[in-house]
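The file input-v1.cif comes next; it holds mmCIF, C-alpha atoms and all ligand atoms.
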data_coords
loop_
_atom_site.label_atom_id
_atom_site.label_comp_id
_atom_site.auth_asym_id
_atom_site.auth_seq_id
_atom_site.Cartn_x
_atom_site.Cartn_y
_atom_site.Cartn_z
CA MET A 70 -260.02 -126.10 120.45
CA THR A 71 -259.86 -123.86 123.51
CA GLU A 72 -263.23 -122.81 124.78
CA THR A 73 -264.33 -119.18 124.39
CA ILE A 74 -265.40 -117.87 127.76
CA LEU A 75 -266.22 -114.25 127.01
CA ASN A 76 -267.52 -112.81 123.78
CA VAL A 77 -268.12 -109.11 123.19
CA GLU A 78 -269.99 -108.27 119.99
CA ASN A 79 -270.67 -104.88 118.44
CA LEU A 80 -270.68 -103.14 121.82
CA HIS A 81 -271.75 -99.49 121.80
CA VAL A 82 -271.74 -97.45 125.02
CA SER A 83 -272.87 -93.83 125.36
CA PHE A 84 -273.19 -91.46 128.27
CA LYS A 85 -275.92 -88.87 128.71
CA THR A 86 -274.34 -85.50 129.48
CA GLN A 87 -275.78 -82.02 129.90
CA THR A 88 -274.80 -81.21 126.33
CA GLY A 89 -276.12 -84.43 124.79
CA GLU A 90 -275.13 -88.06 124.39
CA VAL A 91 -271.43 -88.92 124.01
CA THR A 92 -270.50 -92.27 122.50
CA ALA A 93 -267.45 -93.69 124.28
CA VAL A 94 -267.44 -97.19 122.75
CA ARG A 95 -268.32 -97.63 119.07
CA GLY A 96 -268.84 -101.23 117.97
CA VAL A 97 -266.25 -103.20 119.90
CA ASP A 98 -265.78 -106.92 119.14
CA PHE A 99 -263.44 -109.36 120.88
CA SER A 100 -263.44 -112.75 122.45
CA LEU A 101 -261.44 -114.32 125.24
CA LYS A 102 -260.49 -117.97 125.52
CA LYS A 103 -259.98 -119.95 128.70
CA GLY A 104 -256.56 -119.23 130.22
CA GLU A 105 -255.46 -116.58 127.71
CA THR A 106 -254.52 -112.94 128.25
CA LEU A 107 -255.96 -110.30 125.97
CA ALA A 108 -254.45 -106.84 126.38
CA ILE A 109 -256.59 -103.86 125.42
CA VAL A 110 -254.27 -100.91 124.78
CA GLY A 111 -254.75 -97.28 123.89
CA GLU A 112 -254.36 -93.75 125.19
CA SER A 113 -256.60 -92.52 128.00
CA GLY A 114 -260.11 -91.78 126.77
CA SER A 115 -259.93 -94.50 124.09
CA GLY A 116 -262.80 -96.43 125.71
CA LYS A 117 -260.81 -99.34 127.15
CA SER A 118 -261.90 -98.85 130.78
CA VAL A 119 -265.51 -98.22 129.73
CA THR A 120 -265.41 -101.53 127.83
CA ALA A 121 -264.00 -103.30 130.89
CA LYS A 122 -266.58 -101.82 133.24
CA SER A 123 -269.39 -102.76 130.82
CA ILE A 124 -268.38 -106.42 131.17
CA MET A 125 -268.86 -106.15 134.94
CA ARG A 126 -271.93 -103.92 134.57
CA LEU A 127 -270.17 -101.34 136.73
CA LEU A 128 -271.10 -98.23 134.74
CA PRO A 129 -273.50 -95.78 136.43
CA LYS A 130 -277.05 -96.77 135.55
CA HIS A 131 -278.48 -93.26 135.53
CA ASN A 132 -276.47 -91.95 132.57
CA THR A 133 -275.21 -94.99 130.67
CA VAL A 134 -276.88 -96.12 127.46
CA ILE A 135 -275.95 -99.36 125.70
CA PRO A 136 -277.98 -99.12 122.51
CA GLU A 137 -276.42 -102.06 120.70
CA GLY A 138 -274.27 -105.09 121.30
CA SER A 139 -273.91 -108.08 123.55
CA ILE A 140 -271.45 -109.34 126.15
CA SER A 141 -271.74 -113.02 126.56
CA TYR A 142 -270.16 -114.86 129.46
CA GLU A 143 -270.31 -118.66 129.05
CA GLY A 144 -273.07 -118.12 126.48
CA LYS A 145 -275.29 -115.82 128.63
CA ASN A 146 -275.73 -112.14 127.81
CA VAL A 147 -274.43 -110.14 130.77
CA LEU A 148 -276.30 -107.04 129.58
CA THR A 149 -279.72 -108.65 129.97
CA MET A 150 -279.05 -110.43 133.28
CA SER A 151 -281.02 -109.40 136.36
CA ASP A 152 -279.16 -107.47 139.07
CA ARG A 153 -279.19 -110.61 141.18
CA GLU A 154 -277.65 -112.74 138.44
CA ILE A 155 -274.87 -110.23 137.76
CA GLN A 156 -274.12 -109.92 141.48
CA GLY A 157 -273.74 -113.69 141.58
CA ILE A 158 -271.22 -113.56 138.74
CA ARG A 159 -269.26 -110.52 139.95
CA GLY A 160 -266.39 -111.55 142.17
CA SER A 161 -267.00 -115.28 141.79
CA ASN A 162 -266.87 -115.82 138.00
CA ILE A 163 -265.53 -112.48 136.79
CA SER A 164 -263.33 -110.36 139.07
CA MET A 165 -261.76 -106.98 138.59
CA VAL A 166 -258.55 -105.35 139.81
CA PHE A 167 -258.31 -101.57 139.50
CA GLN A 168 -255.31 -99.23 139.30
CA ASP A 169 -255.90 -97.92 142.81
CA PRO A 170 -256.19 -100.81 145.29
CA MET A 171 -258.15 -98.57 147.66
CA THR A 172 -261.02 -98.63 145.11
CA SER A 173 -261.55 -102.27 146.08
CA LEU A 174 -260.58 -102.18 149.76
CA ASN A 175 -262.61 -100.91 152.67
CA PRO A 176 -260.19 -98.81 154.78
CA THR A 177 -262.11 -99.52 157.99
CA MET A 178 -262.15 -103.32 157.71
CA LYS A 179 -259.35 -105.82 158.38
CA ILE A 180 -258.14 -107.34 155.13
CA GLY A 181 -258.74 -110.92 156.28
CA LYS A 182 -262.40 -110.10 156.85
CA GLN A 183 -262.62 -108.47 153.42
CA ILE A 184 -261.26 -111.55 151.65
CA MET A 185 -263.51 -113.81 153.73
CA GLU A 186 -266.68 -111.89 152.87
CA GLY A 187 -266.54 -112.89 149.18
CA LEU A 188 -265.74 -116.48 150.07
CA LYS A 189 -268.68 -116.75 152.48
CA LYS A 190 -271.04 -115.12 149.98
CA HIS A 191 -270.03 -116.88 146.76
CA GLN A 192 -268.55 -120.17 147.93
CA LYS A 193 -270.76 -120.63 150.98
CA LEU A 194 -267.72 -121.39 153.16
CA THR A 195 -267.99 -121.37 156.93
CA LYS A 196 -266.11 -118.70 158.87
CA SER A 197 -263.18 -120.97 159.69
CA GLU A 198 -262.98 -122.37 156.13
CA ALA A 199 -263.05 -118.84 154.72
CA ARG A 200 -260.28 -117.75 157.14
CA GLN A 201 -258.15 -120.71 156.08
CA ARG A 202 -258.68 -119.91 152.39
CA ALA A 203 -257.91 -116.19 152.99
CA LEU A 204 -254.68 -117.24 154.67
CA GLU A 205 -253.76 -119.46 151.72
CA MET A 206 -254.48 -116.62 149.30
CA LEU A 207 -252.25 -114.18 151.22
CA GLU A 208 -249.48 -116.78 151.18
CA LEU A 209 -250.02 -117.34 147.45
CA VAL A 210 -249.63 -113.66 146.60
CA GLY A 211 -246.48 -113.39 148.71
CA ILE A 212 -247.61 -111.44 151.78
CA PRO A 213 -245.05 -112.08 154.56
CA ASN A 214 -246.40 -113.33 157.93
CA PRO A 215 -249.87 -113.90 156.46
CA GLU A 216 -251.36 -115.17 159.73
CA ASP A 217 -250.65 -111.80 161.42
CA ARG A 218 -251.48 -109.74 158.35
CA LEU A 219 -255.03 -111.12 158.17
CA ASP A 220 -255.84 -108.82 161.08
CA ALA A 221 -254.21 -105.71 159.62
CA TYR A 222 -256.02 -102.77 157.99
CA PRO A 223 -255.30 -101.62 154.41
CA HIS A 224 -253.36 -98.53 155.54
CA GLN A 225 -250.85 -100.83 157.27
CA PHE A 226 -249.71 -102.17 153.87
CA SER A 227 -247.48 -100.54 151.25
CA GLY A 228 -248.99 -99.75 147.80
CA GLY A 229 -247.49 -102.91 146.25
CA MET A 230 -248.66 -105.11 149.13
CA ARG A 231 -252.16 -103.59 148.94
CA GLN A 232 -252.33 -104.50 145.24
CA ARG A 233 -251.27 -108.05 146.17
CA VAL A 234 -254.12 -108.16 148.70
CA VAL A 235 -256.56 -106.98 146.01
CA ILE A 236 -255.31 -109.70 143.66
CA ALA A 237 -255.73 -112.25 146.47
CA MET A 238 -259.28 -111.01 146.98
CA ALA A 239 -260.02 -111.06 143.23
CA LEU A 240 -258.74 -114.61 142.80
CA ALA A 241 -259.98 -116.10 146.09
CA CYS A 242 -263.15 -117.52 144.50
CA ASN A 243 -261.28 -118.94 141.47
CA PRO A 244 -262.89 -116.66 138.87
CA LYS A 245 -262.75 -117.75 135.24
CA VAL A 246 -262.09 -114.19 134.07
CA LEU A 247 -259.97 -111.49 135.72
CA ILE A 248 -260.26 -107.96 134.38
CA ALA A 249 -257.19 -105.97 135.38
CA ASP A 250 -257.52 -102.24 134.67
CA GLU A 251 -254.04 -100.63 134.75
CA PRO A 252 -253.16 -102.91 137.71
CA THR A 253 -249.56 -101.71 138.02
CA THR A 254 -249.69 -98.12 136.76
CA ALA A 255 -249.52 -96.60 140.25
CA LEU A 256 -246.59 -98.77 141.34
CA ASP A 257 -242.85 -98.27 140.91
CA VAL A 258 -241.07 -100.32 138.26
CA THR A 259 -239.68 -103.04 140.55
CA ILE A 260 -243.01 -103.65 142.30
CA GLN A 261 -244.76 -103.47 138.90
CA ALA A 262 -242.60 -106.35 137.62
CA GLN A 263 -243.31 -108.38 140.78
CA ILE A 264 -247.08 -107.90 140.46
CA LEU A 265 -247.04 -108.86 136.76
CA ASP A 266 -244.99 -111.98 137.54
CA LEU A 267 -247.44 -112.80 140.31
CA MET A 268 -250.41 -112.47 137.94
CA LYS A 269 -248.73 -114.71 135.35
CA ASP A 270 -247.84 -117.26 137.99
CA LEU A 271 -251.38 -117.33 139.40
CA GLN A 272 -252.81 -117.59 135.90
CA GLU A 273 -250.70 -120.68 135.25
CA LYS A 274 -251.90 -122.23 138.50
CA THR A 275 -255.58 -121.36 138.16
CA GLY A 276 -256.18 -121.14 134.37
CA THR A 277 -257.94 -117.77 134.79
CA ALA A 278 -258.36 -115.79 131.57
CA ILE A 279 -257.23 -112.16 131.85
CA VAL A 280 -258.43 -109.00 130.12
CA LEU A 281 -255.58 -106.57 130.76
CA ILE A 282 -256.34 -102.90 130.25
CA THR A 283 -253.22 -100.80 129.88
CA HIS A 284 -251.58 -97.91 128.06
CA ASP A 285 -248.14 -99.44 128.66
CA LEU A 286 -246.79 -101.51 125.77
CA GLY A 287 -244.00 -102.85 128.01
CA VAL A 288 -246.65 -104.47 130.20
CA VAL A 289 -248.38 -105.81 127.08
CA ALA A 290 -245.15 -107.37 125.78
CA ASN A 291 -244.65 -109.07 129.13
CA MET A 292 -248.16 -110.42 129.59
CA ALA A 293 -250.37 -110.71 126.51
CA ASP A 294 -251.19 -113.54 124.14
CA ARG A 295 -253.35 -111.29 121.99
CA VAL A 296 -253.67 -107.52 121.72
CA ALA A 297 -256.57 -105.22 120.82
CA VAL A 298 -255.59 -101.62 120.05
CA MET A 299 -258.32 -99.07 120.82
CA TYR A 300 -258.64 -95.56 119.48
CA ALA A 301 -261.57 -93.18 119.97
CA GLY A 302 -263.91 -95.94 121.14
CA LYS A 303 -263.07 -98.51 118.44
CA ILE A 304 -260.71 -101.45 118.18
CA VAL A 305 -258.58 -100.37 115.22
CA GLU A 306 -256.30 -103.41 115.16
CA GLN A 307 -256.39 -106.82 116.81
CA GLY A 308 -254.01 -109.77 116.58
CA THR A 309 -251.50 -111.95 118.38
CA LEU A 310 -248.72 -110.28 120.36
CA ASP A 311 -246.23 -110.99 117.55
CA GLU A 312 -248.57 -109.71 114.83
CA ILE A 313 -249.11 -106.43 116.66
CA PHE A 314 -245.48 -105.91 117.69
CA TYR A 315 -243.71 -107.18 114.56
CA SER A 316 -246.23 -106.58 111.80
CA PRO A 317 -248.43 -103.63 112.83
CA GLN A 318 -250.82 -102.60 110.08
CA HIS A 319 -252.59 -99.58 111.55
CA PRO A 320 -250.76 -96.23 111.62
CA TYR A 321 -251.92 -95.70 115.21
CA THR A 322 -250.42 -99.03 116.34
CA LEU A 323 -247.21 -98.11 114.55
CA GLY A 324 -247.24 -94.72 116.29
CA LEU A 325 -247.70 -96.33 119.71
CA LEU A 326 -244.80 -98.69 119.07
CA GLN A 327 -242.53 -95.89 117.87
CA SER A 328 -243.28 -93.87 120.98
CA MET A 329 -242.32 -96.75 123.27
CA PRO A 330 -238.79 -96.93 124.75
CA LYS A 331 -236.93 -99.96 123.40
CA LEU A 332 -235.14 -102.33 125.74
CA HIS A 333 -231.84 -102.32 123.82
CA ALA A 334 -232.07 -98.79 122.43
CA LYS A 335 -229.08 -96.47 122.54
CA ARG A 336 -229.52 -93.39 124.68
CA THR A 337 -229.34 -91.30 121.52
CA ASP A 338 -232.21 -93.17 119.77
CA PRO A 339 -235.12 -90.74 119.63
CA LEU A 340 -238.64 -91.64 120.78
CA VAL A 341 -241.22 -90.47 118.28
CA PRO A 342 -244.41 -89.31 119.98
CA ILE A 343 -247.70 -89.41 118.06
CA PRO A 344 -248.44 -85.79 117.12
CA GLY A 345 -251.68 -84.18 118.30
CA THR A 346 -254.24 -85.45 120.80
CA PRO A 347 -257.16 -87.90 120.59
CA PRO A 348 -260.39 -86.38 119.25
CA ASP A 349 -263.20 -85.12 121.46
CA LEU A 350 -265.77 -87.91 121.28
CA ALA A 351 -268.60 -85.39 121.78
CA THR A 352 -267.81 -83.74 118.46
CA LEU A 353 -266.54 -86.68 116.42
CA GLY A 354 -267.39 -86.21 112.75
CA THR A 355 -267.46 -88.64 109.85
CA GLY A 356 -264.45 -90.54 108.55
CA CYS A 357 -261.52 -92.11 110.37
CA ALA A 358 -261.13 -90.71 113.92
CA PHE A 359 -257.32 -90.89 113.55
CA ALA A 360 -257.22 -88.83 110.33
CA ALA A 361 -256.04 -85.59 111.96
CA ARG A 362 -252.97 -87.33 113.44
CA CYS A 363 -252.22 -89.88 110.75
CA PRO A 364 -249.22 -89.38 108.45
CA TYR A 365 -250.90 -91.46 105.71
CA THR A 366 -254.31 -89.77 105.51
CA MET A 367 -256.04 -89.98 102.11
CA LYS A 368 -259.14 -88.20 100.86
CA VAL A 369 -261.38 -91.18 101.60
CA CYS A 370 -260.27 -91.16 105.27
CA HIS A 371 -262.02 -87.83 105.89
CA HIS A 372 -265.35 -89.00 104.49
CA PHE A 373 -265.85 -92.65 105.43
CA ASP A 374 -265.04 -94.65 108.53
CA PRO A 375 -262.78 -97.55 107.51
CA VAL A 376 -264.28 -101.02 107.81
CA GLU A 377 -262.53 -103.96 109.37
CA THR A 378 -260.23 -105.93 107.06
CA THR A 379 -258.77 -109.33 107.86
CA VAL A 380 -255.03 -109.31 107.27
CA GLU A 381 -254.36 -112.85 108.37
CA SER A 382 -256.59 -115.40 110.18
CA ASN A 383 -257.34 -113.48 113.39
CA HIS A 384 -255.31 -110.35 112.63
CA THR A 385 -257.75 -107.57 111.75
CA VAL A 386 -257.32 -103.85 111.05
CA SER A 387 -259.65 -100.93 110.35
CA CYS A 388 -257.75 -98.65 107.99
CA TRP A 389 -258.29 -97.59 104.39
CA LEU A 390 -254.64 -98.40 103.65
CA GLN A 391 -255.45 -102.08 104.01
CA ASP A 392 -258.83 -102.01 102.25
CA GLU A 393 -258.69 -103.64 98.85
CA ARG A 394 -261.10 -101.02 97.49
CA THR A 395 -258.42 -98.36 97.93
CA PRO A 396 -256.38 -98.33 94.71
CA LYS A 397 -252.73 -99.15 95.46
CA GLU A 398 -251.50 -95.98 93.74
CA GLN A 399 -253.57 -93.93 96.20
CA ARG A 400 -251.96 -95.53 99.21
CA PRO A 401 -249.23 -93.07 100.13
CA VAL A 402 -246.65 -95.29 101.84
CA ALA A 403 -246.23 -98.67 103.43
CA VAL A 404 -247.25 -99.38 107.02
CA GLY A 405 -245.64 -102.21 108.97
CA GLY A 406 -243.86 -103.43 105.87
CA VAL A 407 -246.97 -104.72 104.09
CA ARG A 408 -246.72 -102.82 100.87
FE1 LIG B 501 -254.77 -93.11 108.52
FE2 LIG B 501 -256.72 -93.23 106.73
FE3 LIG B 501 -255.90 -95.42 107.93
FE4 LIG B 501 -257.28 -93.61 109.29
S1 LIG B 501 -258.01 -94.85 107.57
S2 LIG B 501 -255.48 -94.65 109.98
S3 LIG B 501 -256.50 -91.72 108.38
S4 LIG B 501 -254.72 -94.12 106.53
#
Rewrite the coordinates I just gave you, this time as structure tokens.
Amino acid sequence: MTETILNVENLHVSFKTQTGEVTAVRGVDFSLKKGETLAIVGESGSGKSVTAKSIMRLLPKHNTVIPEGSISYEGKNVLTMSDREIQGIRGSNISMVFQDPMTSLNPTMKIGKQIMEGLKKHQKLTKSEARQRALEMLELVGIPNPEDRLDAYPHQFSGGMRQRVVIAMALACNPKVLIADEPTTALDVTIQAQILDLMKDLQEKTGTAIVLITHDLGVVANMADRVAVMYAGKIVEQGTLDEIFYSPQHPYTLGLLQSMPKLHAKRTDPLVPIPGTPPDLATLGTGCAFAARCPYTMKVCHHFDPVETTVESNHTVSCWLQDERTPKEQRPVAVGGVR
């Protein structure tokens, strides 16, 4: 059995604001096995980036509250680690790639030096060993003339090349987990495909497990082994790539899939956007957070939050339609072909 490397259990994250506390993540559970890719998908504001940053302990200390939950990396709770312990893990065991490469790069420092810094700190390499490894990493991510490029500054690279440098930096210390938060969103389609291929290729070579945060189901289809669908701070459905794409059980998942352009669609095939907008988390009431946008809403949905139901082995869904306590005659229509 493949070893679980990261385990997130019942994670709640709130932010203190001037008008009170806002809960951005509401009881998230998932695990990640060695070498696998878990995609966390959802619209912006669904809590996926907050979840990712919690794993790295990158949320601002002054206004973040984590009242419940645990994040365990190789059996140790990241949330209770000392600052020193987490700094030791960040970059060497768990690395992160953001949407904007300039978030990770220092514009005033040559990129070779930036890659070498992590290697000297975490792997205790000498200067010449670190330079050699930085060179190898640039070669690995496909930077032309890597020897010369080591001495270039970030602004001397194109957007796609900068993201390659960030990936080189993130993978230089052979991390066991890579968290990629919308890594290709800012890039054009051709470069996006190249970066995704690069990540898959590097994953095969290094065995790094990836948590991929994205709103793009095309990227998910290309990369993921398993998928967690987030809405209003909760994972509403989780399963294998095939389960989510071919047998979606949650109306929100179905809505996301229907709003996605299909590869072989005719130009006349309409895309069906999900009506409405995600709820304001500051004023979230009782019941299912998707109720106002859901075409299948029942009375119970407005009063009680649905609990998680197991559809099949590791395929779970939080929706009253799939809860056995909901009488079948009350379920308005089938979702994903189940009923
Ligand atoms: Fe729709 Fe009700 Fe399911 Fe929420 S619980 S997704 S409102 S059917």
Counting all atoms listed in the file, the option among A:Ser197, A:Ser83, A:Gln307, A:Thr379 closest to Asp392 of chain A: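 Going through A:Ser197, A:Ser83, A:Gln307, A:Thr379 one by one, the smallest distance to Asp392 of chain A is for A:Thr379.
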How would you write, as a ChimeraX atom specification, the set of residues no farther than 7 Å from ligand LIG 501 (chain B) when counting only C-alpha atoms and all ligand atoms? /A:319-321,357-360,363-367,370,375,387-390
Considering only C-alpha atoms, return as a PyMOL selection string whatever protein or nucleic-acid residues lie within 12 Å of Pro213 of chain A, sequence-local ones (same chain, fewer than 3 positions apart) excluded. chain A and resi 204-210+216-219+226+230+233-234
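Between atom CA of Leu127 of chain A and atom CA of Lys179 of chain A the separation is 24.6 Å.
Near His384 of chain A, within 9 Å and counting all atoms listed in the file, sit Glu306, Gln307, Gly308, Thr309, Glu312, Ile313, Thr378, Thr379 and Val380 of chain A, not including residues fewer than 4 positions from it in the same chain.
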List the spatial neighbours of Glu186 of chain A as a PyMOL selection string - criterion: any atom at most 12 Å away, all atoms listed in the file, same-chain residues fewer than 2 positions off excluded. chain A and resi 160-161+174-175+178-184+188-200+202-203+238-239+241-242
Tell me, in Å to one decimal, how far atom CA of Asp250 of chain A is from atom CA of Val280 of chain A. 8.2 Å
